[in-house]
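> Next comes model20.pdb, PDB, C-alpha atoms:
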```
MODEL        1
ATOM      1  CA  MET A 181      84.754 100.299 151.370  1.00  0.00           C
ATOM      2  CA  LYS A 182      85.162 101.949 154.773  1.00  0.00           C
ATOM      3  CA  ASN A 183      81.879 100.449 155.959  1.00  0.00           C
ATOM      4  CA  ARG A 184      83.031  96.990 154.863  1.00  0.00           C
ATOM      5  CA  ILE A 185      86.321  97.339 156.765  1.00  0.00           C
ATOM      6  CA  LEU A 186      84.470  98.556 159.862  1.00  0.00           C
ATOM      7  CA  TYR A 187      82.067  95.624 159.612  1.00  0.00           C
ATOM      8  CA  ILE A 188      84.956  93.142 159.390  1.00  0.00           C
ATOM      9  CA  LEU A 189      86.681  94.709 162.409  1.00  0.00           C
ATOM     10  CA  LEU A 190      83.504  94.579 164.493  1.00  0.00           C
ATOM     11  CA  LEU A 191      82.838  90.998 163.427  1.00  0.00           C
ATOM     12  CA  THR A 192      86.387  89.989 164.353  1.00  0.00           C
ATOM     13  CA  LEU A 193      86.110  91.686 167.743  1.00  0.00           C
ATOM     14  CA  SER A 194      82.769  90.016 168.464  1.00  0.00           C
ATOM     15  CA  THR A 195      84.148  86.615 167.451  1.00  0.00           C
ATOM     16  CA  ASN A 196      87.169  87.042 169.730  1.00  0.00           C
ATOM     17  CA  ILE A 197      84.970  87.989 172.690  1.00  0.00           C
ATOM     18  CA  LEU A 198      82.657  85.034 172.129  1.00  0.00           C
ATOM     19  CA  SER A 199      85.466  82.505 171.657  1.00  0.00           C
ATOM     20  CA  GLN A 200      87.836  83.559 174.438  1.00  0.00           C
ATOM     21  CA  GLU A 201      88.410  81.359 177.469  1.00  0.00           C
ATOM     22  CA  TYR A 202      86.007  81.694 180.387  1.00  0.00           C
ATOM     23  CA  TYR A 203      87.548  82.409 183.792  1.00  0.00           C
ATOM     24  CA  ALA A 204      85.722  80.903 186.750  1.00  0.00           C
ATOM     25  CA  PHE A 205      85.803  82.338 190.252  1.00  0.00           C
ATOM     26  CA  PRO A 206      88.990  81.329 192.123  1.00  0.00           C
ATOM     27  CA  ASP A 207      88.706  78.587 194.717  1.00  0.00           C
ATOM     28  CA  SER A 208      91.751  79.373 196.891  1.00  0.00           C
ATOM     29  CA  LEU A 209      94.697  81.679 197.646  1.00  0.00           C
ATOM     30  CA  THR A 210      93.074  84.875 196.382  1.00  0.00           C
ATOM     31  CA  ILE A 211      92.546  88.233 198.055  1.00  0.00           C
ATOM     32  CA  TRP A 212      90.127  90.980 197.041  1.00  0.00           C
ATOM     33  CA  SER A 213      91.152  94.389 198.448  1.00  0.00           C
ATOM     34  CA  VAL A 214      88.173  96.735 198.793  1.00  0.00           C
ATOM     35  CA  ASN A 215      89.337 100.026 200.297  1.00  0.00           C
ATOM     36  CA  THR A 216      90.365  99.047 203.851  1.00  0.00           C
ATOM     37  CA  ASP A 217      88.614  95.653 203.701  1.00  0.00           C
ATOM     38  CA  LYS A 218      90.097  92.323 202.607  1.00  0.00           C
ATOM     39  CA  TYR A 219      88.255  89.218 201.396  1.00  0.00           C
ATOM     40  CA  THR A 220      89.660  85.771 200.736  1.00  0.00           C
ATOM     41  CA  VAL A 221      88.529  82.233 199.933  1.00  0.00           C
ATOM     42  CA  ASN A 222      89.830  79.286 201.923  1.00  0.00           C
ATOM     43  CA  GLY A 223      88.347  75.868 202.589  1.00  0.00           C
ATOM     44  CA  ASP A 224      85.157  73.996 201.726  1.00  0.00           C
ATOM     45  CA  THR A 225      81.780  73.409 203.288  1.00  0.00           C
ATOM     46  CA  ILE A 226      78.596  71.484 202.470  1.00  0.00           C
ATOM     47  CA  ILE A 227      75.201  73.193 202.782  1.00  0.00           C
ATOM     48  CA  ASN A 228      71.963  71.571 201.613  1.00  0.00           C
ATOM     49  CA  ASP A 229      74.023  68.857 199.869  1.00  0.00           C
ATOM     50  CA  GLN A 230      75.850  71.476 197.777  1.00  0.00           C
ATOM     51  CA  ALA A 231      79.596  72.104 197.889  1.00  0.00           C
ATOM     52  CA  TYR A 232      80.662  75.681 198.614  1.00  0.00           C
ATOM     53  CA  LYS A 233      83.862  77.609 199.150  1.00  0.00           C
ATOM     54  CA  LYS A 234      84.268  79.466 202.428  1.00  0.00           C
ATOM     55  CA  TYR A 235      84.896  83.208 202.243  1.00  0.00           C
ATOM     56  CA  TYR A 236      86.517  85.275 204.984  1.00  0.00           C
ATOM     57  CA  TYR A 237      86.654  88.989 205.692  1.00  0.00           C
ATOM     58  CA  SER A 238      88.921  91.324 207.646  1.00  0.00           C
ATOM     59  CA  SER A 239      88.990  95.085 207.977  1.00  0.00           C
ATOM     60  CA  GLY A 240      91.580  97.708 208.792  1.00  0.00           C
ATOM     61  CA  ASP A 241      94.678  95.686 207.896  1.00  0.00           C
ATOM     62  CA  SER A 242      96.836  96.549 204.885  1.00  0.00           C
ATOM     63  CA  VAL A 243      97.743  92.842 204.688  1.00  0.00           C
ATOM     64  CA  PHE A 244      95.066  90.170 205.120  1.00  0.00           C
ATOM     65  CA  SER A 245      95.214  88.678 208.606  1.00  0.00           C
ATOM     66  CA  TYR A 246      93.462  85.419 209.504  1.00  0.00           C
ATOM     67  CA  LYS A 247      93.892  86.429 213.133  1.00  0.00           C
ATOM     68  CA  ASN A 248      91.418  89.268 212.590  1.00  0.00           C
ATOM     69  CA  ALA A 249      89.335  87.533 209.918  1.00  0.00           C
ATOM     70  CA  ALA A 250      85.825  86.151 210.205  1.00  0.00           C
ATOM     71  CA  TYR A 251      83.891  83.685 208.070  1.00  0.00           C
ATOM     72  CA  PHE A 252      81.039  85.582 206.411  1.00  0.00           C
ATOM     73  CA  ALA A 253      79.683  83.558 203.464  1.00  0.00           C
ATOM     74  CA  ALA A 254      79.740  80.361 201.439  1.00  0.00           C
ATOM     75  CA  VAL A 255      80.027  80.813 197.672  1.00  0.00           C
ATOM     76  CA  ARG A 256      79.713  78.426 194.741  1.00  0.00           C
ATOM     77  CA  GLU A 257      79.712  78.668 190.964  1.00  0.00           C
ATOM     78  CA  ASP A 258      77.436  76.396 188.933  1.00  0.00           C
ATOM     79  CA  ASN A 259      77.973  75.076 185.399  1.00  0.00           C
ATOM     80  CA  GLN A 260      75.961  77.972 183.951  1.00  0.00           C
ATOM     81  CA  LYS A 261      78.462  80.636 185.089  1.00  0.00           C
ATOM     82  CA  ARG A 262      76.263  81.784 187.953  1.00  0.00           C
ATOM     83  CA  ILE A 263      77.734  82.693 191.339  1.00  0.00           C
ATOM     84  CA  TRP A 264      75.616  81.855 194.394  1.00  0.00           C
ATOM     85  CA  ARG A 265      76.166  82.827 198.006  1.00  0.00           C
ATOM     86  CA  ILE A 266      74.810  81.890 201.421  1.00  0.00           C
ATOM     87  CA  GLU A 267      75.502  84.252 204.274  1.00  0.00           C
ATOM     88  CA  ARG A 268      76.816  82.932 207.561  1.00  0.00           C
ATOM     89  CA  ASP A 269      74.045  81.418 209.721  1.00  0.00           C
ATOM     90  CA  ALA A 270      71.655  81.362 206.728  1.00  0.00           C
ATOM     91  CA  PHE A 271      70.439  78.404 204.646  1.00  0.00           C
ATOM     92  CA  GLU A 272      68.961  80.020 201.533  1.00  0.00           C
ATOM     93  CA  GLU A 273      71.318  80.642 198.639  1.00  0.00           C
ATOM     94  CA  LYS A 274      70.944  83.805 196.586  1.00  0.00           C
ATOM     95  CA  LEU A 275      72.328  84.887 193.225  1.00  0.00           C
ATOM     96  CA  LEU A 276      75.369  87.146 193.429  1.00  0.00           C
ATOM     97  CA  TYR A 277      76.499  87.205 189.761  1.00  0.00           C
ATOM     98  CA  ASP A 278      75.451  85.734 186.427  1.00  0.00           C
ATOM     99  CA  PHE A 279      78.180  85.706 183.776  1.00  0.00           C
ATOM    100  CA  SER A 280      76.041  83.822 181.250  1.00  0.00           C
ATOM    101  CA  LYS A 281      74.019  86.898 180.299  1.00  0.00           C
ATOM    102  CA  SER A 282      74.331  89.142 177.249  1.00  0.00           C
ATOM    103  CA  ILE A 283      73.820  92.801 176.367  1.00  0.00           C
ATOM    104  CA  GLY A 284      70.301  93.942 177.231  1.00  0.00           C
ATOM    105  CA  ASP A 285      69.610  91.142 179.717  1.00  0.00           C
ATOM    106  CA  THR A 286      68.238  92.096 183.136  1.00  0.00           C
ATOM    107  CA  ILE A 287      69.255  90.133 186.229  1.00  0.00           C
ATOM    108  CA  VAL A 288      68.013  90.136 189.813  1.00  0.00           C
ATOM    109  CA  VAL A 289      71.081  89.917 192.041  1.00  0.00           C
ATOM    110  CA  HIS A 290      71.431  89.841 195.812  1.00  0.00           C
ATOM    111  CA  PRO A 291      74.584  91.731 196.823  1.00  0.00           C
ATOM    112  CA  MET A 292      75.376  91.305 200.485  1.00  0.00           C
ATOM    113  CA  SER A 293      75.734  95.071 200.776  1.00  0.00           C
ATOM    114  CA  ALA A 294      72.024  95.446 199.911  1.00  0.00           C
ATOM    115  CA  ASN A 295      71.212  94.684 203.545  1.00  0.00           C
ATOM    116  CA  TYR A 296      73.004  97.878 204.479  1.00  0.00           C
ATOM    117  CA  PHE A 297      70.348  99.858 202.598  1.00  0.00           C
ATOM    118  CA  GLY A 298      67.445  97.775 203.874  1.00  0.00           C
ATOM    119  CA  ARG A 299      67.095  95.912 200.585  1.00  0.00           C
ATOM    120  CA  ASP A 300      67.380  92.305 199.504  1.00  0.00           C
ATOM    121  CA  SER A 301      68.036  92.631 195.780  1.00  0.00           C
ATOM    122  CA  TYR A 302      68.765  94.877 192.810  1.00  0.00           C
ATOM    123  CA  HIS A 303      67.643  94.634 189.189  1.00  0.00           C
ATOM    124  CA  VAL A 304      70.662  95.236 186.954  1.00  0.00           C
ATOM    125  CA  THR A 305      71.059  95.322 183.185  1.00  0.00           C
ATOM    126  CA  ILE A 306      74.033  94.336 181.041  1.00  0.00           C
ATOM    127  CA  VAL A 307      74.750  97.534 179.110  1.00  0.00           C
ATOM    128  CA  ARG A 308      77.923  96.480 177.308  1.00  0.00           C
ATOM    129  CA  VAL A 309      80.328  93.546 177.057  1.00  0.00           C
ATOM    130  CA  ASP A 310      83.981  93.998 176.131  1.00  0.00           C
ATOM    131  CA  SER A 311      87.343  92.522 177.134  1.00  0.00           C
ATOM    132  CA  ILE A 312      90.228  93.666 179.302  1.00  0.00           C
ATOM    133  CA  ILE A 313      93.682  92.213 179.880  1.00  0.00           C
ATOM    134  CA  VAL A 314      94.303  90.670 183.291  1.00  0.00           C
ATOM    135  CA  HIS A 315      97.779  89.189 183.700  1.00  0.00           C
ATOM    136  CA  ASN A 316      98.377  88.703 179.958  1.00  0.00           C
ATOM    137  CA  SER A 317      94.962  87.136 179.325  1.00  0.00           C
ATOM    138  CA  TYR A 318      91.701  88.567 178.054  1.00  0.00           C
ATOM    139  CA  ARG A 319      88.665  88.434 180.314  1.00  0.00           C
ATOM    140  CA  LYS A 320      85.138  89.586 179.618  1.00  0.00           C
ATOM    141  CA  ARG A 321      84.038  92.785 181.302  1.00  0.00           C
ATOM    142  CA  TYR A 322      80.360  93.631 181.722  1.00  0.00           C
ATOM    143  CA  THR A 323      79.195  97.222 182.100  1.00  0.00           C
ATOM    144  CA  ILE A 324      76.352  97.191 184.622  1.00  0.00           C
ATOM    145  CA  GLY A 325      73.449  99.646 184.648  1.00  0.00           C
ATOM    146  CA  ASN A 326      70.011  99.853 186.190  1.00  0.00           C
ATOM    147  CA  VAL A 327      66.869  98.488 184.524  1.00  0.00           C
ATOM    148  CA  LYS A 328      66.846 101.493 182.175  1.00  0.00           C
ATOM    149  CA  GLY A 329      70.452 100.885 181.207  1.00  0.00           C
ATOM    150  CA  GLN A 330      71.655 103.972 183.078  1.00  0.00           C
ATOM    151  CA  THR A 331      75.053 103.905 184.777  1.00  0.00           C
ATOM    152  CA  PHE A 332      74.983 106.534 187.510  1.00  0.00           C
ATOM    153  CA  VAL A 333      78.111 105.110 189.088  1.00  0.00           C
ATOM    154  CA  PRO A 334      80.785 103.449 186.888  1.00  0.00           C
ATOM    155  CA  LYS A 335      80.505  99.752 187.626  1.00  0.00           C
ATOM    156  CA  TYR A 336      81.767  96.603 185.935  1.00  0.00           C
ATOM    157  CA  TRP A 337      81.747  92.862 186.458  1.00  0.00           C
ATOM    158  CA  ILE A 338      84.950  91.080 185.461  1.00  0.00           C
ATOM    159  CA  GLU A 339      85.034  87.340 184.843  1.00  0.00           C
ATOM    160  CA  GLY A 340      86.632  85.445 187.696  1.00  0.00           C
ATOM    161  CA  ILE A 341      86.969  88.623 189.779  1.00  0.00           C
ATOM    162  CA  GLY A 342      83.538  90.132 190.356  1.00  0.00           C
ATOM    163  CA  SER A 343      82.389  93.715 190.698  1.00  0.00           C
ATOM    164  CA  THR A 344      84.689  96.727 190.551  1.00  0.00           C
ATOM    165  CA  ARG A 345      82.646  98.025 193.488  1.00  0.00           C
ATOM    166  CA  GLY A 346      83.765  95.084 195.594  1.00  0.00           C
ATOM    167  CA  LEU A 347      83.324  91.334 195.785  1.00  0.00           C
ATOM    168  CA  ILE A 348      79.974  91.497 197.609  1.00  0.00           C
ATOM    169  CA  ASP A 349      78.666  94.597 195.761  1.00  0.00           C
ATOM    170  CA  SER A 350      77.209  93.051 192.611  1.00  0.00           C
ATOM    171  CA  GLY A 351      74.254  95.471 192.556  1.00  0.00           C
ATOM    172  CA  ILE A 352      74.151  99.124 191.601  1.00  0.00           C
ATOM    173  CA  SER A 353      75.782 101.443 194.157  1.00  0.00           C
ATOM    174  CA  GLN A 354      73.684 104.558 193.669  1.00  0.00           C
ATOM    175  CA  GLN A 355      73.717 105.444 197.345  1.00  0.00           C
ATOM    176  CA  LEU A 356      76.625 106.510 199.472  1.00  0.00           C
ATOM    177  CA  ARG A 357      77.697 104.019 202.096  1.00  0.00           C
ATOM    178  CA  GLY A 358      77.195 105.731 205.419  1.00  0.00           C
ATOM    179  CA  ASN A 359      77.584 109.132 203.718  1.00  0.00           C
ATOM    180  CA  ILE A 360      81.236 108.274 203.159  1.00  0.00           C
ATOM    181  CA  GLY A 361      81.533 107.261 199.522  1.00  0.00           C
ATOM    182  CA  TYR A 362      81.392 104.384 197.092  1.00  0.00           C
ATOM    183  CA  PRO A 363      83.278 101.143 197.789  1.00  0.00           C
ATOM    184  CA  GLU A 364      85.995 100.354 195.255  1.00  0.00           C
ATOM    185  CA  LEU A 365      87.819  97.153 194.419  1.00  0.00           C
ATOM    186  CA  LEU A 366      91.455  98.224 194.464  1.00  0.00           C
ATOM    187  CA  CYS A 367      93.337  94.968 193.891  1.00  0.00           C
ATOM    188  CA  PHE A 368      92.799  91.325 193.012  1.00  0.00           C
ATOM    189  CA  THR A 369      95.722  89.237 194.259  1.00  0.00           C
ATOM    190  CA  THR A 370      96.591  85.607 193.522  1.00  0.00           C
ATOM    191  CA  GLU A 371      99.739  83.549 194.117  1.00  0.00           C
ATOM    192  CA  GLN A 372     101.044  84.563 190.688  1.00  0.00           C
ATOM    193  CA  TYR A 373     100.143  88.242 190.383  1.00  0.00           C
ATOM    194  CA  THR A 374      98.333  91.319 191.666  1.00  0.00           C
ATOM    195  CA  TYR A 375      95.881  92.956 189.288  1.00  0.00           C
ATOM    196  CA  HIS A 376      95.394  96.632 190.126  1.00  0.00           C
ATOM    197  CA  VAL A 377      91.760  97.379 189.368  1.00  0.00           C
ATOM    198  CA  SER A 378      92.147 100.963 190.544  1.00  0.00           C
ATOM    199  CA  SER A 379      94.354 103.344 188.586  1.00  0.00           C
ATOM    200  CA  ASN A 380      96.040 104.460 191.821  1.00  0.00           C
ATOM    201  CA  LYS A 381      98.034 101.203 192.130  1.00  0.00           C
ATOM    202  CA  ASP A 382      97.174 101.058 195.812  1.00  0.00           C
ATOM    203  CA  CYS A 383      95.704  98.032 197.613  1.00  0.00           C
ATOM    204  CA  PHE A 384      94.722  99.820 200.822  1.00  0.00           C
ATOM    205  CA  ARG A 385      92.883 103.138 200.758  1.00  0.00           C
ATOM    206  CA  PRO A 386      89.919 104.552 202.699  1.00  0.00           C
ATOM    207  CA  ILE A 387      86.706 105.277 200.822  1.00  0.00           C
ATOM    208  CA  THR A 388      86.830 108.799 199.422  1.00  0.00           C
ATOM    209  CA  LEU A 389      83.847 111.076 199.101  1.00  0.00           C
ATOM    210  CA  PRO A 390      83.039 112.314 195.575  1.00  0.00           C
ATOM    211  CA  ARG A 391      82.936 116.111 195.437  1.00  0.00           C
ATOM    212  CA  ARG A 392      79.378 116.155 194.119  1.00  0.00           C
ATOM    213  CA  ALA A 393      78.239 113.891 196.939  1.00  0.00           C
ATOM    214  CA  GLU A 394      80.153 115.978 199.470  1.00  0.00           C
ATOM    215  CA  ASN A 395      78.253 119.092 198.382  1.00  0.00           C
ATOM    216  CA  PHE A 396      74.971 117.179 198.621  1.00  0.00           C
ATOM    217  CA  ILE A 397      75.702 116.079 202.187  1.00  0.00           C
ATOM    218  CA  ILE A 398      76.736 119.594 203.243  1.00  0.00           C
ATOM    219  CA  LYS A 399      73.503 120.984 201.778  1.00  0.00           C
ATOM    220  CA  LYS A 400      71.463 118.267 203.497  1.00  0.00           C
ATOM    221  CA  GLU A 401      73.062 119.011 206.870  1.00  0.00           C
ATOM    222  CA  LEU A 402      72.516 122.745 206.350  1.00  0.00           C
ATOM    223  CA  ASP A 403      68.842 122.202 205.507  1.00  0.00           C
ATOM    224  CA  GLU A 404      68.402 120.084 208.637  1.00  0.00           C
ATOM    225  CA  LEU A 405      70.065 122.783 210.745  1.00  0.00           C
ATOM    226  CA  LEU A 406      67.844 125.511 209.278  1.00  0.00           C
ATOM    227  CA  SER A 407      64.738 123.424 209.953  1.00  0.00           C
ATOM    228  CA  LEU A 408      65.719 123.217 213.632  1.00  0.00           C
ATOM    229  CA  ILE A 409      66.181 126.989 213.810  1.00  0.00           C
ATOM    230  CA  GLU A 410      62.768 127.568 212.268  1.00  0.00           C
TER     231      GLU A 410
ENDMDL
END
```
Would you give me this structure, written as structure tokens?


Amino acid sequence: MKNRILYILLLTLSTNILSQEYYAFPDSLTIWSVNTDKYTVNGDTIINDQAYKKYYYSSGDSVFSYKNAAYFAAVREDNQKRIWRIERDAFEEKLLYDFSKSIGDTIVVHPMSANYFGRDSYHVTIVRVDSIIVHNSYRKRYTIGNVKGQTFVPKYWIEGIGSTRGLIDSGISQQLRGNIGYPELLCFTTEQYTYHVSSNKDCFRPITLPRRAENFIIKKELDELLSLIE
């Protein structure tokens, strides 16, 4: 009897996830707050006969400022729930997200932050799919792991929002950024509401260094110092 009830509950949950409304990426008046960086979408452009939205970036301001902002990428979403991007001064589009995939699927994505680590792409796997409430509505949330399904750093994709590691960080963030820490999407702000992705309810906060990583860096610096003495 208990197994039957559990089966019905799981079936109901799966049906709700499959049937819920899909949320596309916003096309205007939205701000992603990633630590001390801000991203927004404003305006249109045509590249290779395709229509894109223009994305802007600013850093160091608690409130997004167009005065200090710079155009950094063109982004579009196709009818298969895939998000494509073209960096400024480039002409080749690359896959940023794919919200059409299911548990166990592996995707090759091209986060813009990959360039920071001398890479072009990451292979990621959908480990789990569930739902979360964003402004009174359910959205799908994808748990992202590496090709083995491992999740070294907690990371999710949320429909219509992107990665919890930041708009441009769709790949796995296993490395520290500049030995500082992991980027974190703090807030997603529209005209109607602000969704606090971070539990700290703060939309402007420097990247913090995880204690484990801090110890690793201290040890690395100590080893380098000892090697110089030797």

> Segment 187-296 of chain A near segment 373-389 of chain A within 10 Å: what's each residue's closest atom pair and its distance in Å to one decimal, counting only C-alpha atoms, ordered by chain then ascending residue number, as CSV?


```
residue,atom,partner,partner_atom,distance
A:Thr210,CA,A:Thr374,CA,9.6
A:Ile211,CA,A:Thr374,CA,9.2
A:Trp212,CA,A:Cys383,CA,9.0
A:Ser213,CA,A:Cys383,CA,5.9
A:Val214,CA,A:Phe384,CA,7.5
A:Asn215,CA,A:Arg385,CA,4.7
A:Thr216,CA,A:Phe384,CA,5.4
A:Asp217,CA,A:Phe384,CA,7.9
A:Lys218,CA,A:Phe384,CA,9.0
A:Gly240,CA,A:Phe384,CA,8.8
A:Asp241,CA,A:Phe384,CA,8.2
A:Ser242,CA,A:Phe384,CA,5.6
A:Val243,CA,A:Phe384,CA,8.5
```

> With C-alpha atoms retained, write the just-selected residues as a CSV table (one decimal), keeping the file's coordinate frame.


```csv
chain,number,residue,atom,x,y,z
A,210,THR,CA,93.1,84.9,196.4
A,211,ILE,CA,92.5,88.2,198.1
A,212,TRP,CA,90.1,91.0,197.0
A,213,SER,CA,91.2,94.4,198.4
A,214,VAL,CA,88.2,96.7,198.8
A,215,ASN,CA,89.3,100.0,200.3
A,216,THR,CA,90.4,99.0,203.9
A,217,ASP,CA,88.6,95.7,203.7
A,218,LYS,CA,90.1,92.3,202.6
A,240,GLY,CA,91.6,97.7,208.8
A,241,ASP,CA,94.7,95.7,207.9
A,242,SER,CA,96.8,96.5,204.9
A,243,VAL,CA,97.7,92.8,204.7
```

> State, in Å with one decimal place, the distance from atom CA of Gln230 of chain A to atom CA of Pro291 of chain A.

20.3 Å

> Which is closest to Ile227 of chain A among A:Glu201, A:Gln260, A:Arg268, A:Phe244, if we use only C-alpha atoms?

A:Arg268

> Counting all atoms listed in the file, figure out which residue out of A:Gln200, A:Gly351, A:Asp285, A:Ala249 gets nearest to Asp310 of chain A.

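Of the candidates, the smallest distance to Asp310 of chain A is held by A:Gln200.
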
> Determine the residue set returned by the PyMOL selection byres ((chain A and resi 307) around 7) for the present structure, and present it as a PyMOL selection string.

chain A and resi 283-284+305-306+308+323-325+329

> Return the single residue from A:Glu272, A:Ser208, A:Ser245, A:Asp258 that is closest to Asn228 of chain A, with distances computed using all atoms listed in the file.

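Of A:Glu272, A:Ser208, A:Ser245, A:Asp258, the one nearest Asn228 of chain A is A:Glu272, counting all atoms listed in the file.
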
> Would you kindly translate the PyMOL selection byres ((chain A and resi 220) around 12) into the concrete residues it picks from this file, as a ChimeraX atom specification?

/A:205-214,217-219,221-223,233-239,243-246,249-255,341,347-348,368-370

> Rank nothing, just name the residue among A:Asn259, A:Cys367, A:Val288, A:Tyr203 nearest to Arg321 of chain A, using all atoms listed in the file.

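Of all the options, A:Tyr203 lies closest to Arg321 of chain A.
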
> Go ahead and compute the interatomic distance for atom CA of Asp229 of chain A and atom CA of Ala270 of chain A, in Å to one decimal.

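Rounded to one decimal, the two atoms are 14.5 Å apart.
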
> Could you list, as a list in words, every residue within 6 Å of Arg345 of chain A, counting only C-alpha atoms and ignoring same-chain residues fewer than 3 positions away?

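Returned residues: Asp349, Pro363, Glu364 and Leu365 of chain A.
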
> Would you compute the distance between atom CA of Arg299 of chain A and atom CA of Arg256 of chain A? Give it in Å to one decimal.

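Calculated distance between atom CA of Arg299 of chain A and atom CA of Arg256 of chain A is 22.3 Å.
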
> Counting all atoms listed in the file, which of A:Tyr202, A:Tyr362, A:Tyr302, A:Phe271 gets nearest to Lys320 of chain A?

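Ranked by minimum distance to Lys320 of chain A, first place goes to A:Tyr202.
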